[in-house]
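Visitor: Take a look at upload.pdb, PDB, C-alpha atoms:
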```
ATOM      1  CA  MET A   1      19.157  -6.211 -14.003
ATOM      2  CA  PRO A   2      16.464  -3.626 -13.313
ATOM      3  CA  LYS A   3      12.895  -4.747 -13.748
ATOM      4  CA  TYR A   4      10.119  -2.737 -15.292
ATOM      5  CA  LEU A   5       6.450  -2.364 -14.513
ATOM      6  CA  GLU A   6       5.633  -5.172 -16.955
ATOM      7  CA  ASP A   7       7.879  -7.597 -15.030
ATOM      8  CA  PHE A   8       5.913  -7.403 -11.783
ATOM      9  CA  ARG A   9       3.037  -9.780 -11.141
ATOM     10  CA  GLU A  10       0.156  -9.551  -8.712
ATOM     11  CA  GLY A  11       0.542 -12.371  -6.195
ATOM     12  CA  GLU A  12       4.378 -12.260  -6.204
ATOM     13  CA  ILE A  13       5.504 -12.872  -2.590
ATOM     14  CA  TRP A  14       8.693 -12.274  -0.598
ATOM     15  CA  GLN A  15       9.289 -14.031   2.706
ATOM     16  CA  SER A  16      12.080 -12.755   4.894
ATOM     17  CA  GLY A  17      14.214 -14.469   7.464
ATOM     18  CA  SER A  18      13.634 -13.775  11.131
ATOM     19  CA  VAL A  19      15.540 -11.421  13.464
ATOM     20  CA  VAL A  20      15.410 -11.068  17.220
ATOM     21  CA  LEU A  21      14.913  -7.520  18.469
ATOM     22  CA  GLY A  22      16.884  -7.091  21.705
ATOM     23  CA  GLU A  23      16.237  -4.657  24.526
ATOM     24  CA  GLN A  24      19.366  -2.610  23.855
ATOM     25  CA  GLU A  25      18.519  -2.279  20.181
ATOM     26  CA  MET A  26      14.985  -1.168  21.053
ATOM     27  CA  ILE A  27      16.228   1.431  23.533
ATOM     28  CA  ALA A  28      18.920   2.736  21.155
ATOM     29  CA  TYR A  29      16.430   3.226  18.327
ATOM     30  CA  ALA A  30      13.865   4.872  20.567
ATOM     31  CA  ARG A  31      16.404   7.221  22.189
ATOM     32  CA  ALA A  32      17.377   8.539  18.776
ATOM     33  CA  ASN A  33      13.951   8.565  17.161
ATOM     34  CA  ASP A  34      11.004   8.014  19.513
ATOM     35  CA  PRO A  35      12.028   8.686  23.139
ATOM     36  CA  GLN A  36       8.755   7.894  24.899
ATOM     37  CA  PRO A  37       9.087   6.388  28.422
ATOM     38  CA  PHE A  38       7.670   2.958  27.498
ATOM     39  CA  HIS A  39      10.249   2.709  24.663
ATOM     40  CA  VAL A  40      13.383   3.865  26.530
ATOM     41  CA  ASP A  41      13.021   3.264  30.288
ATOM     42  CA  PRO A  42      12.435  -0.345  31.472
ATOM     43  CA  ALA A  43      11.482   0.720  35.039
ATOM     44  CA  VAL A  44       8.932   3.310  33.944
ATOM     45  CA  ALA A  45       7.666   0.917  31.268
ATOM     46  CA  ARG A  46       7.007  -1.815  33.861
ATOM     47  CA  ALA A  47       4.605   0.491  35.705
ATOM     48  CA  GLY A  48       2.958   1.659  32.475
ATOM     49  CA  PRO A  49       0.067   0.434  30.352
ATOM     50  CA  PHE A  50       2.103  -2.335  28.694
ATOM     51  CA  GLY A  51       3.753  -3.735  31.830
ATOM     52  CA  GLY A  52       7.195  -3.551  30.273
ATOM     53  CA  LEU A  53       9.318  -2.122  27.510
ATOM     54  CA  ILE A  54       7.897  -2.232  23.989
ATOM     55  CA  ALA A  55       9.472  -1.348  20.653
ATOM     56  CA  SER A  56       8.678   1.918  18.892
ATOM     57  CA  GLY A  57       6.170   1.289  16.145
ATOM     58  CA  TRP A  58       8.430   3.184  13.758
ATOM     59  CA  GLN A  59      11.246   0.760  14.494
ATOM     60  CA  ILE A  60       9.018  -2.160  13.525
ATOM     61  CA  ALA A  61       8.112  -0.360  10.299
ATOM     62  CA  ALA A  62      11.765   0.326   9.491
ATOM     63  CA  LEU A  63      12.650  -3.268  10.344
ATOM     64  CA  SER A  64      10.026  -4.520   7.880
ATOM     65  CA  MET A  65      11.897  -2.561   5.204
ATOM     66  CA  ARG A  66      15.291  -3.970   6.156
ATOM     67  CA  LEU A  67      13.966  -7.542   6.263
ATOM     68  CA  PHE A  68      12.402  -7.095   2.830
ATOM     69  CA  LEU A  69      15.693  -5.792   1.407
ATOM     70  CA  GLU A  70      17.556  -8.729   2.965
ATOM     71  CA  ALA A  71      15.054 -11.042   1.274
ATOM     72  CA  GLY A  72      16.118  -9.626  -2.093
ATOM     73  CA  GLY A  73      13.904  -6.578  -2.295
ATOM     74  CA  HIS A  74      13.387  -5.252  -5.785
ATOM     75  CA  GLY A  75      17.022  -5.975  -6.695
ATOM     76  CA  ASP A  76      18.491  -3.279  -8.936
ATOM     77  CA  THR A  77      15.086  -1.829  -9.719
ATOM     78  CA  PRO A  78      14.729   1.724  -8.490
ATOM     79  CA  ILE A  79      11.307   2.035  -6.912
ATOM     80  CA  VAL A  80      10.271   5.462  -5.718
ATOM     81  CA  GLY A  81       8.351   5.236  -2.458
ATOM     82  CA  ILE A  82       5.092   7.131  -2.825
ATOM     83  CA  GLY A  83       3.402   6.289   0.432
ATOM     84  CA  ILE A  84       1.940   3.963   3.033
ATOM     85  CA  ASP A  85      -1.723   3.192   3.631
ATOM     86  CA  GLU A  86      -3.626   1.557   6.468
ATOM     87  CA  LEU A  87      -0.628   0.861   8.673
ATOM     88  CA  ARG A  88      -1.818  -0.886  11.848
ATOM     89  CA  TRP A  89       0.184  -1.940  14.906
ATOM     90  CA  ARG A  90      -1.684  -5.042  16.050
ATOM     91  CA  GLN A  91       0.540  -6.509  18.768
ATOM     92  CA  VAL A  92       3.231  -4.987  20.953
ATOM     93  CA  VAL A  93       6.818  -6.115  20.362
ATOM     94  CA  ARG A  94       8.828  -6.902  23.504
ATOM     95  CA  PRO A  95      12.568  -7.507  23.960
ATOM     96  CA  GLY A  96      13.519 -10.882  22.562
ATOM     97  CA  ASP A  97      10.660 -11.145  20.105
ATOM     98  CA  ALA A  98      11.684 -12.579  16.731
ATOM     99  CA  LEU A  99      10.159 -10.790  13.765
ATOM    100  CA  ARG A 100       9.835 -11.688  10.128
ATOM    101  CA  THR A 101       7.955 -10.148   7.239
ATOM    102  CA  THR A 102       6.093 -11.140   4.125
ATOM    103  CA  ARG A 103       5.409  -8.799   1.240
ATOM    104  CA  GLU A 104       2.962  -9.510  -1.558
ATOM    105  CA  ILE A 105       2.213  -7.516  -4.682
ATOM    106  CA  VAL A 106      -1.529  -6.853  -4.679
ATOM    107  CA  GLU A 107      -1.787  -4.400  -7.591
ATOM    108  CA  VAL A 108       0.261  -3.418 -10.643
ATOM    109  CA  ARG A 109      -1.133  -0.405 -12.472
ATOM    110  CA  ARG A 110       0.131   1.692 -15.377
ATOM    111  CA  SER A 111      -0.359   5.433 -15.051
ATOM    112  CA  ALA A 112      -3.140   6.677 -17.319
ATOM    113  CA  SER A 113      -1.661  10.162 -17.648
ATOM    114  CA  LYS A 114       2.039   9.118 -17.802
ATOM    115  CA  PRO A 115       2.198   5.665 -19.447
ATOM    116  CA  ASP A 116       6.018   5.492 -19.139
ATOM    117  CA  ARG A 117       5.542   4.594 -15.468
ATOM    118  CA  GLY A 118       3.168   2.893 -13.093
ATOM    119  CA  THR A 119       2.571   1.950  -9.484
ATOM    120  CA  ILE A 120       2.952  -1.228  -7.501
ATOM    121  CA  ARG A 121       0.928  -1.744  -4.340
ATOM    122  CA  THR A 122       2.252  -4.334  -1.893
ATOM    123  CA  ARG A 123       0.736  -5.750   1.286
ATOM    124  CA  VAL A 124       3.307  -6.003   4.090
ATOM    125  CA  THR A 125       2.783  -8.215   7.136
ATOM    126  CA  VAL A 126       5.111  -8.531  10.147
ATOM    127  CA  LEU A 127       4.789 -11.632  12.320
ATOM    128  CA  ASN A 128       6.359 -12.662  15.609
ATOM    129  CA  GLN A 129       7.686 -16.019  16.840
ATOM    130  CA  ARG A 130       4.151 -17.064  17.863
ATOM    131  CA  ASP A 131       2.903 -16.355  14.326
ATOM    132  CA  GLU A 132       0.898 -13.417  15.647
ATOM    133  CA  VAL A 133       0.458 -10.542  13.236
ATOM    134  CA  VAL A 134       2.372  -7.602  14.708
ATOM    135  CA  MET A 135       1.897  -5.007  11.979
ATOM    136  CA  THR A 136       0.345  -4.678   8.518
ATOM    137  CA  TYR A 137       0.394  -1.988   5.867
ATOM    138  CA  TYR A 138       0.142  -1.305   2.168
ATOM    139  CA  ALA A 139       3.162   0.273   0.455
ATOM    140  CA  LEU A 140       2.746   2.186  -2.786
ATOM    141  CA  GLY A 141       5.749   2.636  -5.082
ATOM    142  CA  GLN A 142       6.394   4.001  -8.545
ATOM    143  CA  VAL A 143       8.364   2.091 -11.162
ATOM    144  CA  ARG A 144       9.331   2.739 -14.793
ATOM    145  CA  ALA A 145       7.553   0.985 -17.622
ATOM    146  CA  ARG A 146       9.245  -0.246 -20.795
ATOM    147  CA  ALA A 147       9.187   2.054 -23.801
ATOM    148  CA  ILE A 148       5.861   1.728 -25.511
ATOM    149  CA  ALA A 149       5.876   0.849 -29.208
ATOM    150  CA  PRO A 150       4.226   3.642 -31.201
ATOM    151  CA  GLU A 151       0.724   2.692 -32.318
ATOM    152  CA  ARG A 152       0.526   1.642 -35.935
ATOM    153  CA  THR A 153      -1.792   3.451 -38.237
ATOM    154  CA  ARG A 154      -4.339   1.127 -39.773
ATOM    155  CA  SER A 155      -4.685   2.031 -43.396
TER     156      SER A 155
ATOM    157  CA  MET B 156      -0.463  15.328  34.623
ATOM    158  CA  PRO B 157      -1.968  12.828  32.187
ATOM    159  CA  LYS B 158      -4.753  14.070  30.002
ATOM    160  CA  TYR B 159      -7.885  12.173  29.104
ATOM    161  CA  LEU B 160      -9.959  11.933  25.968
ATOM    162  CA  GLU B 161     -12.162  14.790  27.149
ATOM    163  CA  ASP B 162      -9.131  17.118  27.408
ATOM    164  CA  PHE B 163      -8.254  16.940  23.710
ATOM    165  CA  ARG B 164      -9.774  19.399  21.252
ATOM    166  CA  GLU B 165     -10.091  19.241  17.493
ATOM    167  CA  GLY B 166      -7.950  22.012  16.046
ATOM    168  CA  GLU B 167      -5.241  21.767  18.732
ATOM    169  CA  ILE B 168      -1.875  22.295  16.991
ATOM    170  CA  TRP B 169       1.767  21.552  17.825
ATOM    171  CA  GLN B 170       4.575  23.248  15.923
ATOM    172  CA  SER B 171       8.060  21.848  16.334
ATOM    173  CA  GLY B 172      11.439  23.453  16.051
ATOM    174  CA  SER B 173      13.606  22.728  13.040
ATOM    175  CA  VAL B 174      16.504  20.270  12.697
ATOM    176  CA  VAL B 175      19.060  19.859   9.941
ATOM    177  CA  LEU B 176      19.475  16.322   8.637
ATOM    178  CA  GLY B 177      23.125  15.777   7.744
ATOM    179  CA  GLU B 178      24.579  13.318   5.248
ATOM    180  CA  GLN B 179      26.256  11.186   7.911
ATOM    181  CA  GLU B 180      23.034  10.920   9.906
ATOM    182  CA  MET B 181      21.124   9.934   6.772
ATOM    183  CA  ILE B 182      23.659   7.263   5.865
ATOM    184  CA  ALA B 183      23.835   5.896   9.416
ATOM    185  CA  TYR B 184      20.050   5.534   9.662
ATOM    186  CA  ALA B 185      19.775   3.945   6.245
ATOM    187  CA  ARG B 186      22.639   1.490   6.831
ATOM    188  CA  ALA B 187      20.868   0.186   9.919
ATOM    189  CA  ASN B 188      17.298   0.287   8.636
ATOM    190  CA  ASP B 189      16.895   0.906   4.905
ATOM    191  CA  PRO B 190      20.152   0.147   3.059
ATOM    192  CA  GLN B 191      19.108   1.033  -0.487
ATOM    193  CA  PRO B 192      21.882   2.477  -2.714
ATOM    194  CA  PHE B 193      20.368   5.962  -3.033
ATOM    195  CA  HIS B 194      20.191   6.173   0.794
ATOM    196  CA  VAL B 195      23.669   4.886   1.673
ATOM    197  CA  ASP B 196      26.091   5.443  -1.229
ATOM    198  CA  PRO B 197      26.644   9.052  -2.427
ATOM    199  CA  ALA B 198      28.447   7.968  -5.621
ATOM    200  CA  VAL B 199      25.790   5.484  -6.699
ATOM    201  CA  ALA B 200      23.088   7.956  -5.670
ATOM    202  CA  ARG B 201      24.543  10.667  -7.934
ATOM    203  CA  ALA B 202      24.072   8.430 -10.962
ATOM    204  CA  GLY B 203      20.599   7.360  -9.864
ATOM    205  CA  PRO B 204      17.085   8.712 -10.379
ATOM    206  CA  PHE B 205      17.443  11.433  -7.725
ATOM    207  CA  GLY B 206      20.886  12.751  -8.761
ATOM    208  CA  GLY B 207      22.201  12.442  -5.226
ATOM    209  CA  LEU B 208      21.710  10.976  -1.800
ATOM    210  CA  ILE B 209      18.213  11.191  -0.300
ATOM    211  CA  ALA B 210      16.938  10.309   3.159
ATOM    212  CA  SER B 211      15.019   7.096   3.807
ATOM    213  CA  GLY B 212      11.327   7.852   3.993
ATOM    214  CA  TRP B 213      11.183   5.904   7.251
ATOM    215  CA  GLN B 214      13.780   8.225   8.743
ATOM    216  CA  ILE B 215      11.611  11.236   7.906
ATOM    217  CA  ALA B 216       8.635   9.510   9.525
ATOM    218  CA  ALA B 217      10.629   8.711  12.665
ATOM    219  CA  LEU B 218      11.977  12.272  12.733
ATOM    220  CA  SER B 219       8.438  13.636  12.649
ATOM    221  CA  MET B 220       7.788  11.659  15.840
ATOM    222  CA  ARG B 221      10.926  12.949  17.584
ATOM    223  CA  LEU B 222      10.192  16.564  16.614
ATOM    224  CA  PHE B 223       6.638  16.205  17.953
ATOM    225  CA  LEU B 224       7.917  14.825  21.257
ATOM    226  CA  GLU B 225      10.449  17.655  21.503
ATOM    227  CA  ALA B 226       7.559  20.086  20.975
ATOM    228  CA  GLY B 227       5.896  18.666  24.091
ATOM    229  CA  GLY B 228       4.075  15.712  22.615
ATOM    230  CA  HIS B 229       1.204  14.459  24.709
ATOM    231  CA  GLY B 230       3.153  15.069  27.924
ATOM    232  CA  ASP B 231       2.540  12.327  30.491
ATOM    233  CA  THR B 232      -0.471  11.019  28.632
ATOM    234  CA  PRO B 233       0.045   7.469  27.452
ATOM    235  CA  ILE B 234      -1.307   7.245  23.931
ATOM    236  CA  VAL B 235      -1.326   3.847  22.303
ATOM    237  CA  GLY B 236      -0.396   4.090  18.642
ATOM    238  CA  ILE B 237      -3.019   2.316  16.574
ATOM    239  CA  GLY B 238      -1.890   3.174  13.085
ATOM    240  CA  ILE B 239      -1.010   5.511  10.247
ATOM    241  CA  ASP B 240      -3.159   6.398   7.250
ATOM    242  CA  GLU B 241      -2.443   8.060   3.916
ATOM    243  CA  LEU B 242       1.274   8.619   4.488
ATOM    244  CA  ARG B 243       2.729  10.354   1.414
ATOM    245  CA  TRP B 244       6.327  11.297   0.684
ATOM    246  CA  ARG B 245       5.940  14.460  -1.398
ATOM    247  CA  GLN B 246       9.475  15.807  -1.727
ATOM    248  CA  VAL B 247      12.866  14.156  -1.398
ATOM    249  CA  VAL B 248      15.029  15.160   1.567
ATOM    250  CA  ARG B 249      18.692  15.838   0.786
ATOM    251  CA  PRO B 250      21.680  16.312   3.100
ATOM    252  CA  GLY B 251      21.496  19.677   4.819
ATOM    253  CA  ASP B 252      17.740  20.077   4.550
ATOM    254  CA  ALA B 253      16.139  21.530   7.676
ATOM    255  CA  LEU B 254      12.894  19.818   8.677
ATOM    256  CA  ARG B 255      10.121  20.792  11.035
ATOM    257  CA  THR B 256       6.710  19.343  11.726
ATOM    258  CA  THR B 257       3.224  20.446  12.623
ATOM    259  CA  ARG B 258       0.617  18.171  14.156
ATOM    260  CA  GLU B 259      -3.067  19.013  14.414
ATOM    261  CA  ILE B 260      -5.869  17.084  16.067
ATOM    262  CA  VAL B 261      -8.521  16.554  13.424
ATOM    263  CA  GLU B 262     -10.847  14.148  15.255
ATOM    264  CA  VAL B 263     -11.590  13.120  18.857
ATOM    265  CA  ARG B 264     -13.956  10.177  19.119
ATOM    266  CA  ARG B 265     -15.180   8.097  22.044
ATOM    267  CA  SER B 266     -15.429   4.365  21.427
ATOM    268  CA  ALA B 267     -19.027   3.252  21.036
ATOM    269  CA  SER B 268     -18.342  -0.274  22.269
ATOM    270  CA  LYS B 269     -15.805   0.629  25.010
ATOM    271  CA  PRO B 270     -16.714   4.099  26.353
ATOM    272  CA  ASP B 271     -13.787   4.144  28.824
ATOM    273  CA  ARG B 272     -11.523   4.997  25.890
ATOM    274  CA  GLY B 273     -11.472   6.754  22.557
ATOM    275  CA  THR B 274      -9.319   7.665  19.595
ATOM    276  CA  ILE B 275      -7.543  10.811  18.500
ATOM    277  CA  ARG B 276      -6.735  11.351  14.842
ATOM    278  CA  THR B 277      -3.969  13.863  14.069
ATOM    279  CA  ARG B 278      -2.759  15.280  10.782
ATOM    280  CA  VAL B 279       1.045  15.408  10.609
ATOM    281  CA  THR B 280       2.915  17.600   8.118
ATOM    282  CA  VAL B 281       6.690  17.783   7.633
ATOM    283  CA  LEU B 282       8.113  20.870   5.910
ATOM    284  CA  ASN B 283      11.588  21.792   4.711
ATOM    285  CA  GLN B 284      13.504  25.083   4.821
ATOM    286  CA  ARG B 285      11.765  26.239   1.606
ATOM    287  CA  ASP B 286       8.352  25.628   3.225
ATOM    288  CA  GLU B 287       7.772  22.735   0.831
ATOM    289  CA  VAL B 288       5.645  19.912   2.186
ATOM    290  CA  VAL B 289       7.935  16.887   2.452
ATOM    291  CA  MET B 290       5.590  14.353   4.024
ATOM    292  CA  THR B 291       2.040  14.124   5.364
ATOM    293  CA  TYR B 292       0.097  11.470   7.234
ATOM    294  CA  TYR B 293      -2.710  10.847   9.673
ATOM    295  CA  ALA B 294      -1.831   9.195  12.994
ATOM    296  CA  LEU B 295      -4.482   7.332  14.963
ATOM    297  CA  GLY B 296      -3.985   6.814  18.705
ATOM    298  CA  GLN B 297      -6.018   5.471  21.588
ATOM    299  CA  VAL B 298      -6.392   7.360  24.872
ATOM    300  CA  ARG B 299      -8.290   6.714  28.119
ATOM    301  CA  ALA B 300     -11.468   8.586  28.892
ATOM    302  CA  ARG B 301     -12.452   9.770  32.377
ATOM    303  CA  ALA B 302     -14.600   7.430  34.431
ATOM    304  CA  ILE B 303     -18.176   7.793  33.382
ATOM    305  CA  ALA B 304     -20.703   8.518  36.117
ATOM    306  CA  PRO B 305     -23.197   5.644  36.393
ATOM    307  CA  GLU B 306     -26.518   6.532  34.846
ATOM    308  CA  ARG B 307     -29.153   7.420  37.378
ATOM    309  CA  THR B 308     -32.399   5.534  37.419
ATOM    310  CA  ARG B 309     -35.337   7.793  36.835
ATOM    311  CA  SER B 310     -38.047   6.803  39.187
TER     312      SER B 310
END
```
Just give me the structure of the file as structure tokens.
Guide:
Amino acid sequence: MPKYLEDFREGEIWQSGSVVLGEQEMIAYARANDPQPFHVDPAVARAGPFGGLIASGWQIAALSMRLFLEAGGHGDTPIVGIGIDELRWRQVVRPGDALRTTREIVEVRRSASKPDRGTIRTRVTVLNQRDEVVMTYYALGQVRARAIAPERTRS
Amino acid sequence: MPKYLEDFREGEIWQSGSVVLGEQEMIAYARANDPQPFHVDPAVARAGPFGGLIASGWQIAALSMRLFLEAGGHGDTPIVGIGIDELRWRQVVRPGDALRTTREIVEVRRSASKPDRGTIRTRVTVLNQRDEVVMTYYALGQVRARAIAPERTRS
């Protein structure tokens, strides 16, 4: 059943399971979407600044979405993605790393100009198997509010 | 030949070619990375808030990277992605839309604490075939600076 703005609570947290990102998966994603040498060519990557292949940052971002959905996501609730703030890649991801994500609602706000909707701001964190923070960002989404009862006239 | 911090100029602009994003490509990306109904199921999507299938926002972001690389990117210069700020999805992308991107350097800054490196901030814009702005963001990357000549002692 779809949820509405009023059903979301600041502090609500999702914790995903963990997935291993393999070398072939990293290369396949990067070839299609981000074909930089240190993402697609193990030999070139070994001689480069990271000393080996690393995952495209965009793949880690997309993976954080998939892991959140697999952890239940917002269920049937259609949330319109508005944007992403303060995304930071904090650790490189190498073949064989196991990633998981947590997502916490940090703000629920009704629109002042359009009170039939509102926004939810969530803090997303991706961790690796050593509990190092790999990536963080804030995601901003729009969700419908319940119909508002008309104000009664005091008289 | 790799470039260094000193070789980048504020105002430098890349303009990419244009690519059409087809329905199958949208569904394939979303199935693997962002399997929400309005990204993967045309029938469900038609009944949903967008009246039809739309591309995953993460696919548009990844595409902006690929288009930039195809437009030359930073060549041989290894730039370490630090993060993304103020990403906003401004228009939905539907099957058959043709997307292109522009990327402009808006800030070049040497690190105060580590002067052998610095950061480049770029403004990325994705447009569709109607010249509507589909997505914007700022990308922050780190690049090496040239060796600094040792300061001479005045005596």
Visitor: Take the PyMOL selection byres ((chain B and resi 271) around 7), run it mentally on this structure, and tell me the resulting residues as a list in words.
Guide: Lys269, Pro270, Arg272, Arg299, Ala300, Arg301 and Ala302 of chain B
Visitor: When you get a sec, could you note down which chain B residues fall within 9 Å of chain A, using all atoms listed in the file, as a PyMOL selection string?
Guide: chain B and resi 187-191+193+203-204+212-214+216-222+224+233+235-245+292
Visitor: Spell out the residues picked by the PyMOL selection byres ((chain A and resi 122) around 6) here, as a PyMOL selection string.
Guide: chain A and resi 104-106+121+123+138-139
Visitor: For chain B fitted to chain A over all Cα atoms in order, what RMSD does a least-squares superposition give?
Guide: 0.2 Å
Visitor: List as a list in words the protein and nucleic acid residues near B:Val174, meaning an atom at most 10 Å away when only C-alpha atoms are counted, but skip any in the same chain fewer than 5 places from it.
Guide: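 Everything that qualifies: Leu218, Leu222, Gly251, Asp252, Ala253, Leu254, Arg255, Thr256, Asn283 and Gln284 of chain B.
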Visitor: Output the residue selection produced by the PyMOL selection byres ((chain A and resi 22) around 9) on the file above, formatted as a ChimeraX atom specification.
Guide: /A:20-21,23-27,94-97
Visitor: Find the distance between atom CA of B:Lys158 and atom CA of A:Val40 and write it in Å to one decimal.
Guide: 21.1 Å
